[in-house]
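> One structure coming up, written as structure tokens, with questions to follow.
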Amino acid sequence: MNFASDNTAGAPPEIIDAIVRANSGTDSSYGADQASRRLTRKFSDFFGTDVTVFPVATGTAANALALASITPRHGVVFCHQGAHIHVDECGAPEFYTSAKLVPVPSPDGKVTLSGLRDAARHFHRGDVHHAQPASISLSQSTELGTVYATSDVSAISAFARAEQLAVHMDGARFSNALVSLGCTPADVTWKAGVDVLSFGATKNGALGAEAVIFFDSAHVGDFSYMRKRAGHLFSKMRFVSAQLEAMLDGDLWRRLATHANSMATRLEAGLGAIPGVTLAQPVQANEVFFTVPNHTARRALLDRGAKFLLWSPPADEIPLIRLVCSFATPAEDVDRFVGCVREVL
Ligand SMILES: Cc1ncc(COP(=O)(O)O)c(C=O)c1O
């Protein structure tokens, strides 16, 4: 019953097989290998437009470097107050951009237009005393397991265009969001105004592979140098790229994310029927947030062997619990967990 994160799972055989295949013989280093070269075409097919792809090994690197490519040092990045780039990346986005992150509050993890307008009006364009608005970062799916509709992304991008801001998407769980929306990868990215995406594969089953995807080559600039300087130009890049390729081949991403999302929906259905449980957000991807009435109930769940994270300050009397499902979450674990919650309450 490990619901602590989707990265507590291992990797599916397709990923391991791809790495084993990449292991045969020699190949060029530093991204000149065959798998890396195939990625441009494969991601361009996936997104239905020509893209520029830069594999990196962590989501933090993808986000920090992507933001650095669209934000000057004197710039402002607007993001949700709970965004991973704001609270969980140890200042890496600030380190790589030198820019200012400005958090936008909302209860459901999604940046809103009104929140953006409120935040942006404090920064006067052309005033040398003010950091200059430069970019917006949206997490898809969000840190509260909610998903931006394509119309949400389009509306925020329209605001961004009007305000001369670039749009970044933190897609650590992009596949989960895509499965949830049932739209094409194009619909919720470049067609909706996203300039650069951190495409996540690790949380969906890769060993360690993410990609920075540029939809507008004008933003690429010196990215190759930035990635090298950040230590993310792997000499044996073929092993990172092979994982990304395997994710796209045969729509593996979809199969893995569909399972993770359906396990979260199963949790939602089971937990939602238990008196005393309050679901904090509608489940739209692979994460479930809920409360139990007190810490005693939470501890009783831990005592029964369940693993999860507490998503509210430890002093909160009514703890917010986060459950994350992965491609490997067994339905039996979901049912056992729901049974434990029923027993405890
Ligand atoms: C929404 C989101 N973005 C980015 C990341 C960063 O990924 P990594 O831990 O690989 O740096 C995470 C990881 O938890 C995440 O949840």
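Here's how to read the names in the structure tokens: chain A, B, ... by the order shown, residue numbers from 1 in each chain, ligand numbers from 1 in the order shown.
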Enumerate as a VMD selection string the residues within 6 Å of ligand 1, counting only C-alpha atoms and all ligand atoms.
chain A and resid 58 to 60 84 139 143 170 172
> Tell me, which residues of region 166-312 of chain A carry DSSP alpha helix (DSSP H), written as JSON, numbers by chain?
{"A": [174, 175, 176, 177, 178, 179, 180, 181, 223, 224, 225, 226, 227, 228, 229, 238, 239, 240, 241, 242, 243, 244, 245, 246, 247, 248, 252, 253, 254, 255, 256, 257, 258, 259, 260, 261, 262, 263, 264, 265, 266, 267, 268, 269, 270, 271, 272, 295, 296, 297, 298, 299, 300, 301, 302, 303]}
> If you run DSSP over the backbone, which residues in region 34-194 of chain A end up strand (DSSP E or B)? Put them as an MDAnalysis selection string.
chainID A and resid 52:56 75:80 100:104 132:139 166:171
> Leaving out Gly272 (chain A) and any residue of its chain fewer than 5 positions from it, which residues lie within 12 Å of it when counting only C-alpha atoms, given as a compact mmCIF listing (two decimals) with N, CA, C and O atoms, in the first residue's frame?

```txt
# COMPACT_ATOMS: atom_id res chain seq x y z
N ALA A 264 -6.42 5.84 -9.23
CA ALA A 264 -6.79 7.02 -8.42
C ALA A 264 -8.31 7.19 -8.40
O ALA A 264 -8.90 7.51 -7.36
N THR A 265 -8.93 6.94 -9.53
CA THR A 265 -10.39 7.04 -9.59
C THR A 265 -11.03 5.98 -8.70
O THR A 265 -12.05 6.22 -8.05
N ARG A 266 -10.42 4.81 -8.67
CA ARG A 266 -10.93 3.72 -7.82
C ARG A 266 -10.80 4.10 -6.34
O ARG A 266 -11.71 3.83 -5.54
N LEU A 267 -9.68 4.74 -6.00
CA LEU A 267 -9.52 5.23 -4.63
C LEU A 267 -10.59 6.26 -4.30
O LEU A 267 -11.20 6.24 -3.22
N VAL A 277 -14.66 10.75 5.67
CA VAL A 277 -13.64 11.10 4.68
C VAL A 277 -14.13 12.29 3.87
O VAL A 277 -15.27 12.30 3.41
N THR A 278 -13.25 13.28 3.68
CA THR A 278 -13.60 14.40 2.79
C THR A 278 -12.56 14.49 1.70
O THR A 278 -11.35 14.62 1.98
N LEU A 279 -13.01 14.35 0.48
CA LEU A 279 -12.09 14.50 -0.65
C LEU A 279 -11.87 15.99 -0.89
O LEU A 279 -12.83 16.75 -1.00
N ALA A 280 -10.59 16.37 -0.95
CA ALA A 280 -10.28 17.81 -1.03
C ALA A 280 -10.45 18.37 -2.43
O ALA A 280 -10.76 19.54 -2.60
N GLN A 281 -10.22 17.53 -3.43
CA GLN A 281 -10.31 17.95 -4.83
C GLN A 281 -10.94 16.83 -5.62
O GLN A 281 -10.77 15.67 -5.26
N PRO A 282 -11.62 17.16 -6.71
CA PRO A 282 -12.05 16.07 -7.60
C PRO A 282 -10.80 15.39 -8.16
O PRO A 282 -9.81 16.06 -8.45
N VAL A 283 -10.84 14.08 -8.26
CA VAL A 283 -9.67 13.36 -8.80
C VAL A 283 -9.70 13.46 -10.32
O VAL A 283 -10.63 12.97 -10.96
N VAL A 288 -4.79 11.68 -5.24
CA VAL A 288 -6.00 11.81 -4.44
C VAL A 288 -5.64 12.58 -3.17
O VAL A 288 -4.67 12.23 -2.49
N PHE A 289 -6.39 13.60 -2.85
CA PHE A 289 -6.17 14.38 -1.63
C PHE A 289 -7.42 14.29 -0.78
O PHE A 289 -8.53 14.57 -1.27
N PHE A 290 -7.25 13.90 0.47
CA PHE A 290 -8.43 13.77 1.32
C PHE A 290 -8.06 14.00 2.78
O PHE A 290 -6.89 13.99 3.15
N THR A 291 -9.08 14.22 3.59
CA THR A 291 -8.83 14.36 5.03
C THR A 291 -9.56 13.26 5.79
O THR A 291 -10.59 12.75 5.36
N VAL A 292 -8.94 12.90 6.92
CA VAL A 292 -9.60 12.06 7.93
C VAL A 292 -9.75 12.97 9.15
O VAL A 292 -9.05 13.97 9.26
N VAL A 338 -8.63 1.23 1.04
CA VAL A 338 -10.00 1.70 1.30
C VAL A 338 -10.60 0.94 2.48
O VAL A 338 -11.24 1.51 3.37
N VAL A 341 -9.20 2.31 5.71
CA VAL A 341 -9.79 3.60 6.09
C VAL A 341 -11.17 3.35 6.70
O VAL A 341 -11.52 3.92 7.76
N ARG A 342 -11.92 2.45 6.09
CA ARG A 342 -13.26 2.16 6.61
C ARG A 342 -13.16 1.61 8.04
O ARG A 342 -13.88 2.05 8.94
```
> Could you produce a table of the residues of region 243-264 of chain A lying within 8 Å of region 312-328 of chain A, with the nearest pair of atoms per residue and their separation in Å rounded to one decimal, using only C-alpha atoms, ordered by chain and increasing residue number, as a Markdown table?

```
| residue | atom | partner | partner_atom | distance |
| --- | --- | --- | --- | --- |
| A:Leu256 | CA | A:Phe327 | CA | 4.7 |
| A:Ala257 | CA | A:Phe327 | CA | 6.1 |
| A:Thr258 | CA | A:Phe327 | CA | 7.8 |
| A:His259 | CA | A:Phe327 | CA | 5.5 |
| A:Ala260 | CA | A:Ser326 | CA | 4.5 |
| A:Asn261 | CA | A:Cys325 | CA | 7.1 |
| A:Met263 | CA | A:Cys325 | CA | 6.2 |
| A:Ala264 | CA | A:Cys325 | CA | 5.9 |
```
> Neighbouring residues of Ala209 (chain A) were defined as those with any atom within 6 Å, considering only C-alpha atoms; residues of the same chain fewer than 3 positions away were excluded. Please report them as a list in words.
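Here the answer would be Ala57, Ala201, Thr202 and Val240 of chain A.
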> Take the residues from that selection and put them in a file with N, CA and C atoms, as a PDB file, in the first residue's frame.

```pdb
ATOM      1  N   ALA A  57      17.774  14.640 -17.077  1.00  0.00           N
ATOM      2  CA  ALA A  57      17.484  13.484 -16.225  1.00  0.00           C
ATOM      3  C   ALA A  57      16.487  13.760 -15.115  1.00  0.00           C
ATOM      4  N   ALA A 201       8.736  11.838 -17.914  1.00  0.00           N
ATOM      5  CA  ALA A 201       8.591  10.397 -18.159  1.00  0.00           C
ATOM      6  C   ALA A 201       8.843   9.594 -16.888  1.00  0.00           C
ATOM      7  N   THR A 202       9.629  10.144 -15.969  1.00  0.00           N
ATOM      8  CA  THR A 202      10.039   9.363 -14.791  1.00  0.00           C
ATOM      9  C   THR A 202       8.834   8.973 -13.934  1.00  0.00           C
ATOM     10  N   VAL A 240      19.257   7.772 -21.705  1.00  0.00           N
ATOM     11  CA  VAL A 240      18.143   8.671 -21.343  1.00  0.00           C
ATOM     12  C   VAL A 240      17.152   8.714 -22.508  1.00  0.00           C
TER      13      VAL A 240
END
```
> Set the distance at 8 Å and use only C-alpha atoms: which residues neighbour region 26-40 of chain A once local chain neighbours fewer than 4 positions away are removed? I'd like the list as a CSV table (one decimal) with all heavy atoms, in the first residue's frame.

```csv
chain,number,residue,atom,x,y,z
A,22,ALA,N,19.6,-0.4,-26.1
A,22,ALA,CA,20.6,0.7,-26.3
A,22,ALA,C,22.0,0.3,-25.8
A,22,ALA,O,22.9,1.0,-26.2
A,22,ALA,CB,20.1,1.9,-25.5
A,44,SER,N,8.1,15.3,-32.6
A,44,SER,CA,7.4,16.1,-33.6
A,44,SER,C,6.2,15.4,-34.1
A,44,SER,O,5.1,16.1,-34.2
A,44,SER,CB,8.3,16.5,-34.8
A,44,SER,OG,9.4,17.3,-34.3
A,50,ASP,N,6.7,20.6,-35.7
A,50,ASP,CA,8.2,20.5,-35.5
A,50,ASP,C,8.6,21.0,-34.1
A,50,ASP,O,8.3,22.2,-33.8
A,50,ASP,CB,8.9,21.3,-36.5
A,50,ASP,CG,8.9,20.5,-37.9
A,50,ASP,OD1,8.5,19.3,-37.9
A,50,ASP,OD2,9.1,21.1,-38.9
A,51,VAL,N,9.2,20.2,-33.3
A,51,VAL,CA,9.7,20.6,-32.0
A,51,VAL,C,11.2,20.4,-31.9
A,51,VAL,O,11.8,19.7,-32.6
A,51,VAL,CB,9.0,19.8,-30.8
A,51,VAL,CG1,7.5,20.1,-30.9
A,51,VAL,CG2,9.3,18.3,-30.9
A,52,THR,N,11.8,21.1,-30.9
A,52,THR,CA,13.2,20.9,-30.5
A,52,THR,C,13.2,20.2,-29.2
A,52,THR,O,12.5,20.7,-28.3
A,52,THR,CB,13.9,22.2,-30.5
A,52,THR,OG1,13.6,23.0,-31.7
A,52,THR,CG2,15.4,22.0,-30.5
A,53,VAL,N,14.0,19.1,-29.1
A,53,VAL,CA,13.9,18.3,-27.9
A,53,VAL,C,15.3,18.3,-27.2
A,53,VAL,O,16.3,18.0,-27.8
A,53,VAL,CB,13.5,16.8,-28.2
A,53,VAL,CG1,13.4,16.0,-27.0
A,53,VAL,CG2,12.3,16.8,-29.1
A,233,LEU,N,24.1,17.4,-19.9
A,233,LEU,CA,24.4,16.8,-21.2
A,233,LEU,C,25.1,15.5,-20.9
A,233,LEU,O,26.4,15.5,-20.7
A,233,LEU,CB,25.3,17.8,-22.0
A,233,LEU,CG,25.7,17.2,-23.4
A,233,LEU,CD1,24.5,16.9,-24.3
A,233,LEU,CD2,26.7,18.1,-24.1
A,234,PHE,N,24.4,14.4,-20.9
A,234,PHE,CA,25.0,13.1,-20.5
A,234,PHE,C,25.9,12.6,-21.6
A,234,PHE,O,25.5,12.7,-22.8
A,234,PHE,CB,23.9,12.1,-20.2
A,234,PHE,CG,23.2,12.4,-18.9
A,234,PHE,CD1,22.2,13.4,-18.9
A,234,PHE,CD2,23.5,11.7,-17.8
A,234,PHE,CE1,21.6,13.7,-17.7
A,234,PHE,CE2,22.9,12.0,-16.6
A,234,PHE,CZ,22.0,13.0,-16.5
A,235,SER,N,27.0,12.1,-21.2
A,235,SER,CA,27.9,11.5,-22.3
A,235,SER,C,27.2,10.3,-22.8
A,235,SER,O,27.2,10.1,-24.0
A,235,SER,CB,29.3,11.2,-21.7
A,235,SER,OG,29.2,10.3,-20.7
A,236,LYS,N,26.6,9.5,-22.0
A,236,LYS,CA,25.9,8.3,-22.5
A,236,LYS,C,24.4,8.6,-22.7
A,236,LYS,O,23.5,7.9,-22.1
A,236,LYS,CB,26.1,7.1,-21.7
A,236,LYS,CG,27.6,6.6,-21.7
A,236,LYS,CD,27.8,5.3,-21.1
A,236,LYS,CE,29.3,4.9,-21.1
A,236,LYS,NZ,29.5,3.6,-20.5
A,237,MET,N,24.1,9.7,-23.4
A,237,MET,CA,22.7,10.2,-23.5
A,237,MET,C,21.8,9.1,-24.1
A,237,MET,O,20.6,9.2,-23.9
A,237,MET,CB,22.7,11.4,-24.4
A,237,MET,CG,21.4,12.1,-24.5
A,237,MET,SD,20.9,12.9,-22.9
A,237,MET,CE,21.7,14.5,-23.1
A,238,ARG,N,22.4,8.2,-24.8
A,238,ARG,CA,21.5,7.2,-25.5
A,238,ARG,C,20.6,6.5,-24.5
A,238,ARG,O,19.5,6.1,-24.8
A,238,ARG,CB,22.3,6.2,-26.3
A,238,ARG,CG,23.3,5.4,-25.4
A,238,ARG,CD,24.0,4.4,-26.3
A,238,ARG,NE,25.3,4.1,-25.7
A,238,ARG,CZ,25.9,2.9,-25.9
A,238,ARG,NH1,25.4,2.0,-26.7
A,238,ARG,NH2,27.1,2.7,-25.4
A,241,SER,N,17.7,8.9,-23.7
A,241,SER,CA,16.8,9.0,-24.9
A,241,SER,C,16.1,7.7,-25.2
A,241,SER,O,14.9,7.8,-25.6
A,241,SER,CB,17.7,9.4,-26.1
A,241,SER,OG,18.3,10.7,-25.9
A,242,ALA,N,16.7,6.6,-24.9
A,242,ALA,CA,16.0,5.3,-25.2
A,242,ALA,C,14.7,5.2,-24.3
A,242,ALA,O,13.7,4.7,-24.8
A,242,ALA,CB,17.0,4.2,-24.9
A,244,LEU,N,12.9,7.8,-23.3
A,244,LEU,CA,11.8,8.7,-23.8
A,244,LEU,C,11.2,8.1,-25.1
A,244,LEU,O,10.0,8.1,-25.3
A,244,LEU,CB,12.5,10.0,-24.2
A,244,LEU,CG,12.9,10.8,-22.9
A,244,LEU,CD1,13.9,12.0,-23.3
A,244,LEU,CD2,11.7,11.4,-22.2
A,245,GLU,N,12.1,7.5,-25.9
A,245,GLU,CA,11.6,6.8,-27.1
A,245,GLU,C,10.6,5.7,-26.8
A,245,GLU,O,9.6,5.6,-27.4
A,245,GLU,CB,12.8,6.3,-27.9
A,245,GLU,CG,12.5,5.9,-29.3
A,245,GLU,CD,13.8,5.5,-30.1
A,245,GLU,OE1,14.8,5.1,-29.5
A,245,GLU,OE2,13.7,5.5,-31.3
```
> Can you tell me, as a PyMOL selection string, what residues are no more than 6 Å from Cys79 (chain A) when counting only C-alpha atoms, ignoring any on the same chain fewer than 3 positions away?
chain A and resi 103-104+136-137
> Could those residues be written to a file, using N, CA, C and O atoms, as a compact mmCIF listing (two decimals), in the first residue's frame?

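Output below, filename again.txt:
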```txt
# COMPACT_ATOMS: atom_id res chain seq x y z
N PRO A 103 4.30 33.75 -6.54
CA PRO A 103 3.24 32.75 -6.39
C PRO A 103 1.85 33.36 -6.51
O PRO A 103 1.59 34.45 -6.01
N VAL A 104 0.97 32.62 -7.18
CA VAL A 104 -0.42 33.04 -7.37
C VAL A 104 -1.30 32.06 -6.60
O VAL A 104 -1.23 30.86 -6.85
N ILE A 136 4.96 32.67 -17.44
CA ILE A 136 3.98 32.01 -16.56
C ILE A 136 4.30 30.52 -16.62
O ILE A 136 4.56 29.99 -17.71
N SER A 137 4.30 29.86 -15.47
CA SER A 137 4.51 28.41 -15.45
C SER A 137 3.25 27.73 -14.93
O SER A 137 2.74 28.09 -13.87
```
> Which residue, A:Ile85, A:Ala64, A:Gly10, A:Phe3, has the smallest gap to His232 (chain A) when you use only C-alpha atoms?
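Nearest candidate to His232 (chain A) out of A:Ile85, A:Ala64, A:Gly10, A:Phe3: A:Ala64.
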> Looking at A:Val212, A:Ala177, A:Leu345, A:Ala166, which one is nearest to Pro275 (chain A), with distances taken over only C-alpha atoms?
A:Leu345
> Skipping near chain neighbours, those fewer than 6 positions away, what residues fall within 7 Å of Ala99 (chain A) using only C-alpha atoms, listed as a list in words?
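These residues fall inside the cut-off: Pro72, Arg73, His74, Gly75 and Val76 of chain A.
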> Could you check which of A:Val167, A:Met247, A:Ala269, A:Leu207 is closest to Ala192 (chain A), using only C-alpha atoms?
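The answer is A:Val167, which sits nearest to Ala192 (chain A).
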> Please compute the CA of Thr49 (chain A)-CA of Ser154 (chain A) distance, one decimal, in Å.
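Computed distance, CA of Thr49 (chain A) to CA of Ser154 (chain A), equals 17.6 Å.
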> Rank nothing, just name the residue among A:Ala285, A:Leu197, A:Ala134, A:Ala218 nearest to Glu163 (chain A), using only C-alpha atoms.
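Of the candidates, the smallest distance to Glu163 (chain A) is held by A:Ala134.
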